[in-house]
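First the structure, in the form of structure tokens, and then the observations on it.
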Amino acid sequence: MSSRPFPISQQITIRRAVARDAKRLTRLVRDSGAYEGKYAAAVAGYRVGPDYIEAHRAFVAVGADEHGGRVLGFYSLILAPPELDLLFVADEVQGRGIGRLLVAHMQSEARAAGLDRLKVVSHLPAEDFYHRVGAVRTGTVFANPPAVPWDRPEFEFRIPSE
């Protein structure tokens, strides 16, 4: 597992999340425009705590230059069973390739861990994103009220060997 920064461009670096990132990651989740309206309750009390960061392979995309080192997005990879647990990009920087960079980094980490595939249960508004970054739809995770009162698409990333 790599804890060194993963340079993406001159403006964005992906690095391992640390405990002091917890509040920023929680804010990213709670402020996500994808969880407005009927979806708001799903993240209202959600917390990405230091304990979560320590227990999982969580990585953050950090901006340089005009973003001043701000956390622009993050993901969390669980190895057993293999799953992309969380992936969020700040609303104001979506569409700039940060999500795609996080997915590429995740695939590199998964490959290094010996994984050949992993699943992701998508939020409905993120379904098109997962299609665009190469995930294959494998099914549906049915609603589980009151926690999640809607069905969600399930995808699989196939991790090619280098």
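Residue names in the structure tokens use chain letters A, B, ... in the order shown, residue numbers from 1 in each chain, and ligand numbers from 1 in the order shown.
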
- Message: From a backbone DSSP assignment, name each residue in stretch 24-122 of chain A labelled strand (DSSP E or B), as a ChimeraX atom specification.
- Response: /A:57-63,71-78,83-89,117-121

Residues of stretch 60-128 of chain A that approach stretch 13-29 of chain A to 6 Å or less, counting only C-alpha atoms: could you list each one with the shortest pair of atoms and its distance in Å to one decimal, rows by chain and increasing residue number, as CSV?
residue,atom,partner,partner_atom,distance
A:Val60,CA,A:Ile14,CA,5.4
A:Ala61,CA,A:Ile14,CA,4.4
A:Val62,CA,A:Thr13,CA,5.3

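For the pair atom CA of A:Ser108 and atom CA of A:Thr140, the separation is 26.1 Å.
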
- Query: Taking into account only C-alpha atoms, which residue in the set A:Ala41, A:His123, A:Ala135, A:Tyr130 is nearest to A:Arg152?
  - Reply: A:His123

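Ranking A:Phe142, A:Tyr39, A:Phe155, A:Phe74 by their shortest atom-to-atom distance to A:Leu87, with only C-alpha atoms included, puts A:Phe74 first.
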
- Find the spatial neighbours of A:Leu115, counting only C-alpha atoms, within a cut-off of 10 Å - ignore same-chain residues fewer than 4 positions away - and output them as a ChimeraX atom specification. /A:79-80,82,107-111,158-161

Would you write out those residues with N, CA, C and O atoms, as a CSV table (one decimal), in the first residue's frame?
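selection-v1.csv written:
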chain,number,residue,atom,x,y,z
A,79,LEU,N,-11.0,-3.9,1.3
A,79,LEU,CA,-10.4,-5.1,0.7
A,79,LEU,C,-11.2,-6.3,0.8
A,79,LEU,O,-11.1,-7.2,-0.1
A,80,ALA,N,-11.9,-6.5,2.0
A,80,ALA,CA,-12.6,-7.8,2.2
A,80,ALA,C,-13.9,-7.5,2.8
A,80,ALA,O,-14.0,-7.0,3.9
A,82,PRO,N,-14.1,-7.1,-1.4
A,82,PRO,CA,-13.6,-5.9,-2.2
A,82,PRO,C,-14.7,-5.0,-2.6
A,82,PRO,O,-15.7,-5.4,-3.3
A,107,GLN,N,-8.2,1.9,-8.7
A,107,GLN,CA,-7.9,0.7,-9.5
A,107,GLN,C,-6.4,0.3,-9.3
A,107,GLN,O,-6.1,-0.9,-9.1
A,108,SER,N,-5.5,1.3,-9.2
A,108,SER,CA,-4.1,1.0,-9.0
A,108,SER,C,-3.9,0.4,-7.6
A,108,SER,O,-3.1,-0.6,-7.4
A,109,GLU,N,-4.6,0.9,-6.6
A,109,GLU,CA,-4.5,0.4,-5.2
A,109,GLU,C,-5.1,-1.0,-5.1
A,109,GLU,O,-4.5,-1.9,-4.5
A,110,ALA,N,-6.2,-1.2,-5.8
A,110,ALA,CA,-6.8,-2.6,-5.8
A,110,ALA,C,-5.9,-3.6,-6.5
A,110,ALA,O,-5.7,-4.7,-6.0
A,111,ARG,N,-5.3,-3.2,-7.6
A,111,ARG,CA,-4.3,-4.1,-8.3
A,111,ARG,C,-3.1,-4.4,-7.4
A,111,ARG,O,-2.8,-5.6,-7.3
A,158,ARG,N,-13.7,-4.3,-12.9
A,158,ARG,CA,-12.8,-5.4,-13.2
A,158,ARG,C,-11.4,-4.7,-13.3
A,158,ARG,O,-11.2,-3.7,-14.0
A,159,ILE,N,-10.5,-5.3,-12.5
A,159,ILE,CA,-9.2,-4.7,-12.3
A,159,ILE,C,-8.2,-5.4,-13.2
A,159,ILE,O,-7.8,-6.6,-12.9
A,160,PRO,N,-7.8,-4.9,-14.3
A,160,PRO,CA,-6.9,-5.6,-15.2
A,160,PRO,C,-5.5,-5.6,-14.6
A,160,PRO,O,-5.1,-4.7,-13.9
A,161,SER,N,-4.8,-6.7,-14.8
A,161,SER,CA,-3.4,-6.8,-14.4
A,161,SER,C,-2.6,-5.9,-15.3
A,161,SER,O,-2.9,-5.7,-16.4

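Counting from atom CA of A:Gly63, the distance to atom CA of A:Ile12 is 4.6 Å.
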
- Message: Using only C-alpha atoms, which protein or nucleic acid residues come within 8 Å of A:Val141? Drop anything in the same chain fewer than 4 positions from it, and give the result as an MDAnalysis selection string.
- Response: chainID A and resid 121 151:154

Let me see the file: selected residues, N, CA and C atoms, as a short mmCIF file (atom, residue, chain, number, x, y, z; two decimals), in the first residue's frame.
data_model
loop_
_atom_site.label_atom_id
_atom_site.label_comp_id
_atom_site.auth_asym_id
_atom_site.auth_seq_id
_atom_site.Cartn_x
_atom_site.Cartn_y
_atom_site.Cartn_z
N VAL A 121 -21.86 -0.14 -4.78
CA VAL A 121 -23.30 0.10 -4.77
C VAL A 121 -23.44 1.60 -4.96
N ASP A 151 -34.15 1.66 -4.28
CA ASP A 151 -33.25 0.68 -4.88
C ASP A 151 -32.01 1.40 -5.41
N ARG A 152 -30.88 0.68 -5.43
CA ARG A 152 -29.63 1.27 -5.91
C ARG A 152 -28.95 0.32 -6.90
N PRO A 153 -28.35 0.85 -7.94
CA PRO A 153 -27.64 0.01 -8.90
C PRO A 153 -26.33 -0.50 -8.31
N GLU A 154 -26.03 -1.76 -8.62
CA GLU A 154 -24.75 -2.34 -8.19
C GLU A 154 -23.87 -2.52 -9.42
#

- Message: Would you compute the distance between atom CA of A:Gly73 and atom CA of A:Asn144? Give it in Å to one decimal.
- Response: 27.1 Å

- Query: Which residues, written as number ranges by chain, have at least one atom at most 12 Å from A:Ala42, with only C-alpha atoms counted and residues fewer than 5 positions away on the same chain left out?
  - Reply: A: 29-32, 34-37, 47, 123, 144-150

Residue subset to file, keeping N, CA and C atoms, as a compact mmCIF listing (two decimals), in the first residue's frame:
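Saved the output as result34.txt:
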# COMPACT_ATOMS: atom_id res chain seq x y z
N VAL A 29 -19.37 14.83 2.12
CA VAL A 29 -20.51 13.92 2.01
C VAL A 29 -21.81 14.67 2.26
N ARG A 30 -21.88 15.38 3.36
CA ARG A 30 -23.13 16.05 3.75
C ARG A 30 -23.52 17.18 2.81
N ASP A 31 -22.54 17.83 2.18
CA ASP A 31 -22.82 18.96 1.29
C ASP A 31 -23.04 18.53 -0.16
N SER A 32 -22.97 17.26 -0.44
CA SER A 32 -23.09 16.78 -1.81
C SER A 32 -24.46 17.10 -2.40
N ALA A 34 -25.75 15.72 -4.82
CA ALA A 34 -26.40 14.47 -5.20
C ALA A 34 -27.31 13.94 -4.10
N TYR A 35 -27.17 14.49 -2.90
CA TYR A 35 -27.98 14.03 -1.77
C TYR A 35 -28.93 15.12 -1.29
N GLU A 36 -29.46 15.88 -2.22
CA GLU A 36 -30.46 16.89 -1.87
C GLU A 36 -31.86 16.29 -2.02
N GLY A 37 -32.83 17.01 -1.54
CA GLY A 37 -34.23 16.58 -1.68
C GLY A 37 -34.50 15.26 -0.99
N ARG A 47 -21.16 10.48 9.12
CA ARG A 47 -19.88 10.97 9.64
C ARG A 47 -18.76 10.07 9.14
N HIS A 123 -25.09 5.36 -5.73
CA HIS A 123 -26.21 6.27 -5.50
C HIS A 123 -26.83 6.52 -6.88
N ASN A 144 -33.86 -0.72 1.61
CA ASN A 144 -33.76 -1.24 2.97
C ASN A 144 -34.25 -0.16 3.93
N PRO A 145 -35.57 0.13 3.90
CA PRO A 145 -36.08 1.20 4.76
C PRO A 145 -35.91 0.87 6.24
N PRO A 146 -35.73 1.82 7.08
CA PRO A 146 -35.74 3.25 6.80
C PRO A 146 -34.37 3.79 6.37
N ALA A 147 -33.30 3.00 6.50
CA ALA A 147 -31.96 3.50 6.20
C ALA A 147 -31.84 3.98 4.75
N VAL A 148 -32.22 3.14 3.80
CA VAL A 148 -32.16 3.49 2.38
C VAL A 148 -33.49 3.08 1.75
N PRO A 149 -34.39 4.04 1.53
CA PRO A 149 -35.73 3.70 1.04
C PRO A 149 -35.87 3.59 -0.48
N TRP A 150 -34.78 3.45 -1.21
CA TRP A 150 -34.83 3.33 -2.67
C TRP A 150 -33.84 2.26 -3.13

- Message: If we count only C-alpha atoms and set the cut-off at 8 Å, which residues sit around A:His56, ignoring sequence neighbours fewer than 2 positions away in its own chain? Please answer as a ChimeraX atom specification.
- Response: /A:52-54,58,76-78

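In this comparison, which uses only C-alpha atoms, the residue of A:Leu124, A:Ala112, A:Val89, A:Val103 approaching A:Leu72 most closely is A:Val89.
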
- Please return as a ChimeraX atom specification: the residues of chain A that backbone DSSP assigns to helix (DSSP H, G or I). /A:19-30,33-35,37-42,50-55,65-67,91-93,98-112,124-132

- May I ask which of the residues A:Val93, A:Gly134, A:Phe59, A:Gly33 is the closest one to A:Arg117, counting only C-alpha atoms? A:Gly134

- Task: List the neighbours of A:Arg132 out to 9 Å using only C-alpha atoms; skip same-chain residues closer than 4 positions along the sequence, and give me the result as a list in words.
- Result: Arg100, Glu127 and Asp128 of chain A
